[in-house]
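Have a look at coords-v4.txt; it's compact mmCIF, C-alpha atoms:
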# COMPACT_ATOMS: atom_id res chain seq x y z
CA MET A 24 130.61 147.86 1.77
CA VAL A 25 132.45 150.61 -0.09
CA ASP A 26 130.14 153.13 -1.83
CA SER A 27 132.67 155.66 -3.13
CA PRO A 28 136.21 156.78 -2.21
CA GLY A 29 136.23 157.94 1.39
CA ARG A 30 132.68 156.72 2.12
CA VAL A 31 131.51 153.43 3.56
CA ARG A 32 127.94 152.28 3.11
CA VAL A 33 126.82 149.98 5.92
CA ALA A 34 124.47 147.21 4.87
CA GLN A 35 121.21 147.51 6.79
CA ARG A 36 119.92 144.45 8.59
CA PRO A 37 116.25 143.58 8.46
CA ALA A 38 114.42 145.24 11.34
CA GLY A 39 113.21 141.91 12.63
CA GLU A 40 116.74 140.48 12.80
CA ALA A 41 118.05 143.43 14.83
CA ALA A 42 115.10 143.18 17.21
CA ASP A 43 115.74 139.47 17.68
CA GLU A 44 119.38 140.12 18.60
CA ILE A 45 118.37 142.72 21.17
CA ARG A 46 115.75 140.41 22.62
CA TYR A 47 118.16 137.47 22.85
CA ALA A 48 120.82 139.67 24.45
CA ALA A 49 118.35 140.91 27.06
CA ILE A 50 117.26 137.36 27.90
CA ALA A 51 120.89 136.27 28.13
CA GLU A 52 121.52 139.06 30.68
CA VAL A 53 118.62 137.79 32.77
CA VAL A 54 119.89 134.21 32.68
CA ALA A 55 123.41 135.39 33.51
CA GLY A 56 122.01 137.39 36.41
CA VAL A 57 120.31 134.34 37.93
CA LEU A 58 123.43 132.18 37.59
CA ARG A 59 125.63 135.03 38.89
CA ARG A 60 123.46 135.34 42.00
CA ARG A 61 123.70 131.59 42.62
CA ILE A 62 127.49 131.79 42.45
CA LEU A 63 127.78 134.84 44.69
CA ASP A 64 125.28 133.44 47.21
CA GLY A 65 127.25 130.21 47.40
CA GLU A 66 124.56 127.97 45.92
CA LEU A 67 127.20 127.11 43.33
CA ALA A 68 130.52 126.59 45.10
CA ASP A 69 133.99 127.26 43.76
CA GLY A 70 134.96 124.37 41.50
CA ASP A 71 131.39 123.22 40.86
CA VAL A 72 130.35 122.52 37.29
CA LEU A 73 127.16 124.05 35.91
CA PRO A 74 124.40 121.61 34.96
CA LYS A 75 124.46 120.44 31.36
CA GLN A 76 123.34 122.94 28.77
CA ASP A 77 120.19 120.93 27.95
CA GLU A 78 119.16 121.09 31.61
CA LEU A 79 119.75 124.84 31.80
CA MET A 80 117.91 125.42 28.53
CA ALA A 81 114.92 123.55 29.93
CA GLU A 82 115.06 125.39 33.27
CA PHE A 83 115.20 128.87 31.72
CA ASP A 84 113.16 128.00 28.63
CA VAL A 85 115.76 129.49 26.28
CA GLY A 86 117.60 128.35 23.19
CA ARG A 87 121.20 127.21 23.00
CA THR A 88 122.41 130.51 21.50
CA THR A 89 120.91 132.56 24.34
CA LEU A 90 122.34 130.24 26.98
CA ARG A 91 125.79 130.41 25.42
CA GLN A 92 125.58 134.21 25.45
CA ALA A 93 124.78 134.09 29.17
CA ILE A 94 127.71 131.78 29.82
CA ARG A 95 130.04 134.07 27.87
CA ILE A 96 128.95 137.01 30.03
CA LEU A 97 129.91 135.13 33.19
CA GLU A 98 133.10 133.89 31.57
CA THR A 99 134.24 137.45 30.84
CA GLU A 100 133.51 138.34 34.49
CA GLY A 101 135.79 135.53 35.62
CA LEU A 102 132.97 133.60 37.29
CA LEU A 103 133.12 130.68 34.86
CA THR A 104 135.74 128.80 32.88
CA VAL A 105 134.47 126.78 29.94
CA ARG A 106 136.27 123.45 29.50
CA ARG A 107 136.25 121.73 26.15
CA GLY A 108 136.40 118.05 25.30
CA LYS A 109 135.07 114.91 26.98
CA VAL A 110 135.34 116.38 30.47
CA GLY A 111 133.92 119.69 29.31
CA GLY A 112 131.59 121.97 31.19
CA SER A 113 131.43 125.38 32.80
CA VAL A 114 133.47 125.47 36.02
CA VAL A 115 132.45 127.95 38.72
CA HIS A 116 134.92 130.43 40.19
CA GLN A 117 133.81 132.47 43.17
CA PRO A 118 135.46 135.93 43.16
CA THR A 119 138.52 136.36 45.37
CA PRO A 120 140.33 139.39 46.85
CA GLU A 121 143.03 138.76 44.22
CA ASP A 122 140.41 139.21 41.48
CA ALA A 123 139.33 142.50 43.05
CA ALA A 124 142.94 143.64 43.35
CA ARG A 125 143.58 142.88 39.68
CA MET A 126 140.66 145.04 38.55
CA PHE A 127 141.55 147.75 41.08
CA GLY A 128 145.09 147.81 39.74
CA MET A 129 143.90 148.20 36.16
CA VAL A 130 141.69 151.15 37.12
CA MET A 131 144.63 152.80 38.93
CA HIS A 132 146.89 152.08 35.96
CA THR A 133 144.41 153.60 33.52
CA ARG A 134 144.13 156.78 35.59
CA HIS A 135 147.92 157.12 35.84
CA VAL A 136 147.83 157.25 39.64
CA THR A 137 151.29 157.93 41.03
CA LEU A 138 153.18 155.93 43.60
CA ALA A 139 153.07 158.94 45.95
CA ASP A 140 149.28 158.95 45.72
CA LEU A 141 149.10 155.23 46.46
CA ALA A 142 151.50 155.61 49.38
CA GLN A 143 149.43 158.42 50.85
CA ALA A 144 146.31 156.24 50.80
CA LEU A 145 148.23 153.41 52.43
CA ARG A 146 149.53 155.72 55.18
CA ARG A 147 145.97 156.80 55.97
CA LEU A 148 144.23 153.45 55.73
CA GLU A 149 146.62 150.96 57.34
CA PRO A 150 146.81 152.86 60.66
CA VAL A 151 143.03 152.49 60.85
CA CYS A 152 143.54 148.73 60.73
CA VAL A 153 146.20 149.03 63.45
CA ALA A 154 143.71 150.89 65.64
CA LEU A 155 141.05 148.27 64.92
CA CYS A 156 143.50 145.55 65.98
CA ALA A 157 144.18 147.42 69.22
CA GLY A 158 140.46 147.87 69.82
CA ARG A 159 139.58 144.19 69.54
CA GLU A 160 138.56 142.69 72.87
CA ASP A 161 139.99 139.36 71.74
CA ARG A 162 143.31 140.85 70.57
CA ALA A 163 145.32 138.82 73.09
CA ASP A 164 144.18 135.63 71.37
CA ALA A 165 143.22 136.61 67.82
CA VAL A 166 145.73 139.33 66.96
CA VAL A 167 148.89 139.51 69.06
CA PRO A 168 150.03 135.87 68.71
CA ARG A 169 149.71 136.05 64.93
CA LEU A 170 151.66 139.31 64.73
CA ARG A 171 154.39 138.05 67.06
CA GLU A 172 154.78 134.86 65.02
CA VAL A 173 155.25 136.83 61.80
CA HIS A 174 157.53 139.29 63.59
CA GLU A 175 159.79 136.54 64.90
CA ARG A 176 160.32 135.23 61.38
CA MET A 177 160.94 138.75 60.13
CA ALA A 178 163.62 139.31 62.80
CA LEU A 179 165.61 136.44 61.29
CA THR A 180 165.87 138.22 57.91
CA VAL A 181 167.80 141.37 58.90
CA ASP A 182 170.91 140.12 57.08
CA ASP A 183 168.99 139.36 53.88
CA GLY A 184 167.53 142.50 52.33
CA LEU A 185 165.13 140.84 49.89
CA ALA A 186 163.88 138.37 52.48
CA TYR A 187 163.38 141.28 54.89
CA ILE A 188 161.21 143.16 52.37
CA ARG A 189 159.04 140.08 51.84
CA ALA A 190 158.76 139.47 55.60
CA SER A 191 157.89 143.12 56.24
CA ARG A 192 155.13 142.94 53.66
CA GLU A 193 153.79 139.79 55.33
CA PHE A 194 153.73 141.63 58.67
CA HIS A 195 151.69 144.51 57.29
CA GLU A 196 149.32 142.09 55.55
CA ALA A 197 148.88 140.28 58.88
CA ILE A 198 147.79 143.55 60.48
CA VAL A 199 145.16 144.07 57.81
CA GLY A 200 144.04 140.46 58.06
CA SER A 201 143.71 140.72 61.86
CA CYS A 202 141.71 143.96 62.06
CA GLY A 203 138.37 142.17 62.26
CA ASN A 204 136.61 144.34 59.67
CA GLN A 205 136.01 142.52 56.40
CA THR A 206 135.39 145.69 54.40
CA MET A 207 138.76 147.11 55.46
CA GLN A 208 140.39 143.75 54.79
CA ILE A 209 139.11 143.75 51.21
CA VAL A 210 139.64 147.45 50.44
CA LEU A 211 143.04 147.80 52.08
CA GLY A 212 144.01 144.33 50.90
CA MET A 213 143.72 145.63 47.33
CA VAL A 214 145.90 148.63 48.18
CA GLU A 215 148.49 146.42 49.90
CA THR A 216 148.56 144.01 46.97
CA LEU A 217 149.08 146.83 44.48
CA TRP A 218 151.84 148.36 46.61
CA ALA A 219 153.59 145.00 46.82
CA ARG A 220 153.57 144.78 43.00
CA GLN A 221 155.49 148.05 42.84
CA GLU A 222 158.18 146.93 45.27
CA GLN A 223 160.29 145.25 42.63
CA LEU A 224 161.15 148.76 41.42
CA TRP A 225 163.35 149.31 44.45
CA ALA A 226 163.68 145.91 46.14
CA GLU A 227 167.13 144.93 44.86
CA ARG A 228 168.51 148.43 45.24
CA SER A 229 167.13 148.69 48.76
CA ALA A 230 168.59 145.31 49.66
CA ALA A 231 172.01 146.52 48.54
CA GLU A 232 171.91 150.07 49.94
CA VAL A 233 169.98 149.72 53.19
CA GLY A 234 172.11 148.20 55.92
CA ALA A 235 171.27 145.62 58.54
CA ASP A 236 171.22 148.32 61.25
CA ILE A 237 168.31 150.08 59.54
CA ARG A 238 166.48 146.80 59.11
CA ARG A 239 166.98 146.05 62.82
CA ALA A 240 165.44 149.43 63.57
CA GLY A 241 162.46 148.42 61.46
CA VAL A 242 162.13 145.21 63.45
CA ARG A 243 162.14 147.22 66.69
CA GLU A 244 159.43 149.50 65.34
CA HIS A 245 157.26 146.52 64.49
CA GLU A 246 157.82 145.11 67.96
CA HIS A 247 156.77 148.40 69.56
CA LEU A 248 153.69 148.49 67.34
CA ILE A 249 152.71 145.02 68.54
CA ASP A 250 153.15 146.17 72.15
CA LEU A 251 150.83 149.14 71.58
CA ILE A 252 148.23 146.84 70.01
CA ALA A 253 148.57 144.43 72.93
CA ASP A 254 148.03 147.31 75.37
CA GLY A 255 144.83 148.25 73.55
CA ASP A 256 145.90 151.85 73.01
CA GLU A 257 144.12 152.66 69.76
CA THR A 258 145.21 156.30 69.57
CA LEU A 259 148.90 155.73 70.20
CA ALA A 260 148.93 152.67 67.94
CA TYR A 261 147.36 154.71 65.13
CA ARG A 262 149.81 157.60 65.49
CA TYR A 263 152.82 155.32 65.71
CA ALA A 264 151.70 153.41 62.62
CA VAL A 265 151.48 156.69 60.65
CA ARG A 266 155.04 157.63 61.63
CA HIS A 267 156.32 154.14 60.90
CA LEU A 268 154.81 154.10 57.40
CA GLU A 269 156.10 157.59 56.64
CA GLY A 270 159.61 156.35 57.41
CA ALA A 271 159.14 153.11 55.48
CA HIS A 272 157.90 154.96 52.40
CA ALA A 273 160.63 157.59 52.42
CA TYR A 274 163.13 155.41 50.54
CA PRO A 275 161.02 154.46 47.48
CA LEU A 276 159.40 157.88 47.25
CA GLN A 277 162.78 159.59 46.93
CA GLU A 278 163.00 158.38 43.36
CA TYR A 279 159.67 156.93 42.33
CA ALA A 280 157.06 159.31 43.82
CA ALA A 281 155.89 160.56 40.42
CA ARG A 282 155.99 157.17 38.70
CA PRO A 283 152.57 155.87 37.60
CA VAL A 284 151.36 152.76 39.37
CA GLN A 285 151.48 149.59 37.25
CA SER A 286 148.66 147.06 37.44
CA GLY A 287 151.06 144.13 37.00
CA PRO A 288 154.60 143.66 38.32
CA ALA A 289 156.27 147.02 37.84
CA GLY A 290 159.24 147.16 35.49
CA ALA A 291 162.39 148.97 36.48
What is this file in C-alpha cells?
Amino acid sequence: MVDSPGRVRVAQRPAGEAADEIRYAAIAEVVAGVLRRRILDGELADGDVLPKQDELMAEFDVGRTTLRQAIRILETEGLLTVRRGKVGGSVVHQPTPEDAARMFGMVMHTRHVTLADLAQALRRLEPVCVALCAGREDRADAVVPRLREVHERMALTVDDGLAYIRASREFHEAIVGSCGNQTMQIVLGMVETLWARQEQLWAERSAAEVGADIRRAGVREHEHLIDLIADGDETLAYRYAVRHLEGAHAYPLQEYAARPVQSGPAGA
C-alpha cells in the first residue's frame, strides 16, 4: 500500500493470523520430516504413491492446508511428484547420485569454480579409488573383469575421437564404481559427472586435433593401470593414475583452465 511518494506502508496482519501461519508451517515441517524419513529409510519405495490425503490427515491429525504444505516441502526437495487428475497422487522419488550431482554442480557454478580447480580435485580423488580397487581382496573377480570389458570396447574406438572420449569416461567411471567404498563412489561420482558435463567444450576439437596414435597411447595406459590393479600394487597404481590424469587433463586445461564450471552442459 503506497503511503507517500517513495514510501510503502505495509498492511499489518492481525497478530493471531501471523501466529497461526507460523504454527501451521512448523507442523508442516514435522509432517514432512516424518514422510522424508520414511522415504529415505526405504519404507516408501521409489515409485510408490503416498496414501490418500484423508488418510494422512487422520494419521497426523492435521488439516488439509498443513498437509499440502508438507507435501510441497518434499516436492521442492525432489522426493515427491504430485500428479493431477483421476490417477493423481504424490509419487515417491528416492534420491539418486544424479540428484546429488545436480545440486553439487549448482553450488560449484554459483561459486564460479574453475575447470582447473575441478581437474585438480579429480586428479587427487580418482587415484584414491584406483588404490582402493588394487587393495580389494576380491579384485580378480569384482574389479578386473569389469575394467577389462570396458577397456576392450574402448580399444575399438581409437579411430573415432568422440566415441573414444565417451569410452574413456566410461572407463574412469568404472574405476570409481568398482572401488568398493560407497562414500567415494557418491562423492567422486559427483565430480566425475560434473567433469563429463564440461567435456563438450573440447570434445569435437579434441576429436579433430588428437590423432589415433595418441588415443592408442591412452588405451595402453589404461591397460597398464588395469595390470597394476590386478597385481594389487596400491602405491604404484595410485602414482600411475596421477600421472595418467595429469596427461589426460593437459589438453582441455591449455585453453579452458580459467573457465568457470557450468552446472549443466557447458556451452562453447
Nearest-residue call for Arg239 of chain A, choices A:Thr133, A:Thr104, A:Thr180, A:Gln92, using all atoms listed in the file: A:Thr180
Pairwise distance for atom CA of Val210 of chain A and atom CA of Gly70 of chain A, rounded to one decimal in Å: 25.2 Å
Residue neighbourhood Asp250 of chain A, 9 Å, all atoms listed in the file, exclusion window fewer than 5 positions, as JSON, numbers by chain: {"A": [167, 245, 255, 260]}
Exercise: residues within 10 Å of coordinate (152.2, 141.8, 57.6), counting all atoms listed in the file, as number ranges by chain: A: 169-170, 173-174, 177, 189-201, 215, 245
From A:Tyr261, A:His132, A:Val153, A:Ala48, residue lying nearest Arg91 of chain A [all atoms listed in the file]: A:Ala48
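Each of A:Asp182, A:Glu100, A:Glu121, A:Asp71 was compared to Gly56 of chain A using all atoms listed in the file, and A:Glu100 turns out to be the nearest.
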Residue among A:Pro120, A:Ala264, A:Ile188, A:Ala163 lying closest to Trp225 of chain A, counting only C-alpha atoms: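 Nearest candidate to Trp225 of chain A out of A:Pro120, A:Ala264, A:Ile188, A:Ala163: A:Ile188.
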Among listed residues A:Arg61, A:His135, A:Arg262, A:Arg87, nearest Leu102 of chain A (using all atoms listed in the file): A:Arg61
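Considering only C-alpha atoms, the residue among A:Val265, A:Leu58, A:Cys152, A:Val214 positioned nearest to Asp140 of chain A is A:Val214.
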Straight-line distance linking atom CA of Ser229 of chain A with atom CA of Phe127 of chain A, stated in Å to one decimal: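 Going from atom CA of Ser229 of chain A over to atom CA of Phe127 of chain A, I get 26.7 Å.
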Neighbour list for segment 105-111 of chain A as a ChimeraX atom specification, cut-off 12 Å, only C-alpha atoms, skip fewer than 3 positions in-chain: /A:70-76,91,94-99,101-102,114-116
Gly158 of chain A environment, 8 Å, only C-alpha atoms, sequence neighbours closer than 5 positions dropped, as a list in words: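 Those residues are Ile252, Gly255, Asp256 and Glu257 of chain A.
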d(atom CA of Gln143 of chain A, atom CA of Arg238 of chain A) in Å: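 So the answer is 22.2 Å.
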Residues within 7 Å of (142.3, 140.1, 64.3), file coords, only C-alpha atoms, listed as a list in words: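 All residues meeting the 7 Å criterion around (142.3, 140.1, 64.3) are Cys156, Arg162, Ala165, Val166, Gly200, Ser201, Cys202 and Gly203 of chain A.
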Leu224 of chain A environment, 12 Å, all atoms listed in the file, sequence neighbours closer than 2 positions dropped, as a list of chain:residue names: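 Neighbouring residues, sequence-local ones excluded: A:Leu138, A:Trp218, A:Ala219, A:Arg220, A:Gln221, A:Glu222, A:Ala226, A:Glu227, A:Arg228, A:Ser229, A:Ala230, A:Tyr274, A:Pro275, A:Leu276, A:Glu278, A:Tyr279, A:Ala280, A:Arg282, A:Pro283, A:Val284, A:Gln285, A:Gly287, A:Pro288, A:Ala289, A:Gly290, A:Ala291.
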Hey, could you patch up segment 82-116 of chain A with N, CA and C atoms and hand it over as an mmCIF file, keeping the file's coordinate frame?
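The result, stored in out.cif:
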data_model
loop_
_atom_site.group_PDB
_atom_site.id
_atom_site.type_symbol
_atom_site.label_atom_id
_atom_site.label_comp_id
_atom_site.auth_asym_id
_atom_site.auth_seq_id
_atom_site.Cartn_x
_atom_site.Cartn_y
_atom_site.Cartn_z
ATOM 1 N N GLU A 82 115.404 124.616 32.066
ATOM 2 C CA GLU A 82 115.060 125.390 33.270
ATOM 3 C C GLU A 82 114.660 126.820 32.920
ATOM 4 N N PHE A 83 115.440 127.462 32.042
ATOM 5 C CA PHE A 83 115.200 128.870 31.720
ATOM 6 C C PHE A 83 114.313 129.057 30.489
ATOM 7 N N ASP A 84 113.996 127.944 29.832
ATOM 8 C CA ASP A 84 113.160 128.000 28.630
ATOM 9 C C ASP A 84 113.778 128.928 27.582
ATOM 10 N N VAL A 85 115.047 128.684 27.287
ATOM 11 C CA VAL A 85 115.760 129.490 26.280
ATOM 12 C C VAL A 85 116.449 128.554 25.302
ATOM 13 N N GLY A 86 116.877 129.126 24.183
ATOM 14 C CA GLY A 86 117.600 128.350 23.190
ATOM 15 C C GLY A 86 119.081 128.270 23.513
ATOM 16 N N ARG A 87 119.784 127.428 22.755
ATOM 17 C CA ARG A 87 121.200 127.210 23.000
ATOM 18 C C ARG A 87 122.015 128.496 22.789
ATOM 19 N N THR A 88 121.669 129.279 21.774
ATOM 20 C CA THR A 88 122.410 130.510 21.500
ATOM 21 C C THR A 88 122.310 131.483 22.671
ATOM 22 N N THR A 89 121.107 131.644 23.206
ATOM 23 C CA THR A 89 120.910 132.560 24.340
ATOM 24 C C THR A 89 121.676 132.083 25.563
ATOM 25 N N LEU A 90 121.632 130.777 25.824
ATOM 26 C CA LEU A 90 122.340 130.240 26.980
ATOM 27 C C LEU A 90 123.849 130.455 26.830
ATOM 28 N N ARG A 91 124.360 130.220 25.633
ATOM 29 C CA ARG A 91 125.790 130.410 25.420
ATOM 30 C C ARG A 91 126.194 131.871 25.605
ATOM 31 N N GLN A 92 125.305 132.800 25.217
ATOM 32 C CA GLN A 92 125.580 134.210 25.450
ATOM 33 C C GLN A 92 125.674 134.495 26.954
ATOM 34 N N ALA A 93 124.776 133.897 27.717
ATOM 35 C CA ALA A 93 124.780 134.090 29.170
ATOM 36 C C ALA A 93 126.074 133.551 29.774
ATOM 37 N N ILE A 94 126.480 132.386 29.307
ATOM 38 C CA ILE A 94 127.710 131.780 29.820
ATOM 39 C C ILE A 94 128.921 132.637 29.462
ATOM 40 N N ARG A 95 128.927 133.199 28.264
ATOM 41 C CA ARG A 95 130.040 134.070 27.870
ATOM 42 C C ARG A 95 130.120 135.317 28.754
ATOM 43 N N ILE A 96 128.969 135.843 29.128
ATOM 44 C CA ILE A 96 128.950 137.010 30.030
ATOM 45 C C ILE A 96 129.659 136.668 31.343
ATOM 46 N N LEU A 97 129.317 135.530 31.913
ATOM 47 C CA LEU A 97 129.910 135.130 33.190
ATOM 48 C C LEU A 97 131.374 134.743 33.026
ATOM 49 N N GLU A 98 131.709 134.240 31.842
ATOM 50 C CA GLU A 98 133.100 133.890 31.570
ATOM 51 C C GLU A 98 133.963 135.146 31.527
ATOM 52 N N THR A 99 133.465 136.205 30.901
ATOM 53 C CA THR A 99 134.240 137.450 30.840
ATOM 54 C C THR A 99 134.368 138.096 32.219
ATOM 55 N N GLU A 100 133.442 137.806 33.127
ATOM 56 C CA GLU A 100 133.510 138.340 34.490
ATOM 57 C C GLU A 100 134.417 137.494 35.380
ATOM 58 N N GLY A 101 134.916 136.392 34.842
ATOM 59 C CA GLY A 101 135.790 135.530 35.620
ATOM 60 C C GLY A 101 135.066 134.578 36.546
ATOM 61 N N LEU A 102 133.753 134.472 36.402
ATOM 62 C CA LEU A 102 132.970 133.600 37.290
ATOM 63 C C LEU A 102 132.841 132.190 36.741
ATOM 64 N N LEU A 103 133.169 132.003 35.477
ATOM 65 C CA LEU A 103 133.120 130.680 34.860
ATOM 66 C C LEU A 103 134.341 130.471 33.976
ATOM 67 N N THR A 104 134.757 129.211 33.872
ATOM 68 C CA THR A 104 135.740 128.800 32.880
ATOM 69 C C THR A 104 135.134 127.654 32.086
ATOM 70 N N VAL A 105 135.076 127.811 30.781
ATOM 71 C CA VAL A 105 134.470 126.780 29.940
ATOM 72 C C VAL A 105 135.547 125.787 29.516
ATOM 73 N N ARG A 106 135.351 124.522 29.888
ATOM 74 C CA ARG A 106 136.270 123.450 29.500
ATOM 75 C C ARG A 106 135.730 122.753 28.260
ATOM 76 N N ARG A 107 136.634 122.433 27.373
ATOM 77 C CA ARG A 107 136.250 121.730 26.150
ATOM 78 C C ARG A 107 136.564 120.247 26.283
ATOM 79 N N GLY A 108 136.057 119.468 25.351
ATOM 80 C CA GLY A 108 136.400 118.050 25.300
ATOM 81 C C GLY A 108 135.456 117.160 26.093
ATOM 82 N N LYS A 109 135.911 115.910 26.330
ATOM 83 C CA LYS A 109 135.070 114.910 26.980
ATOM 84 C C LYS A 109 134.709 115.294 28.401
ATOM 85 N N VAL A 110 135.623 115.977 29.091
ATOM 86 C CA VAL A 110 135.340 116.380 30.470
ATOM 87 C C VAL A 110 134.951 117.863 30.499
ATOM 88 N N GLY A 111 134.289 118.298 29.444
ATOM 89 C CA GLY A 111 133.920 119.690 29.310
ATOM 90 C C GLY A 111 132.850 120.104 30.300
ATOM 91 N N GLY A 112 132.581 121.400 30.293
ATOM 92 C CA GLY A 112 131.590 121.970 31.190
ATOM 93 C C GLY A 112 132.019 123.348 31.630
ATOM 94 N N SER A 113 131.147 124.036 32.322
ATOM 95 C CA SER A 113 131.430 125.380 32.800
ATOM 96 C C SER A 113 131.742 125.321 34.295
ATOM 97 N N VAL A 114 133.009 125.581 34.636
ATOM 98 C CA VAL A 114 133.470 125.470 36.020
ATOM 99 C C VAL A 114 133.287 126.797 36.733
ATOM 100 N N VAL A 115 132.743 126.750 37.937
ATOM 101 C CA VAL A 115 132.450 127.950 38.720
ATOM 102 C C VAL A 115 133.687 128.464 39.437
ATOM 103 N N HIS A 116 133.843 129.780 39.423
ATOM 104 C CA HIS A 116 134.920 130.430 40.190
ATOM 105 C C HIS A 116 134.302 131.552 41.027
#
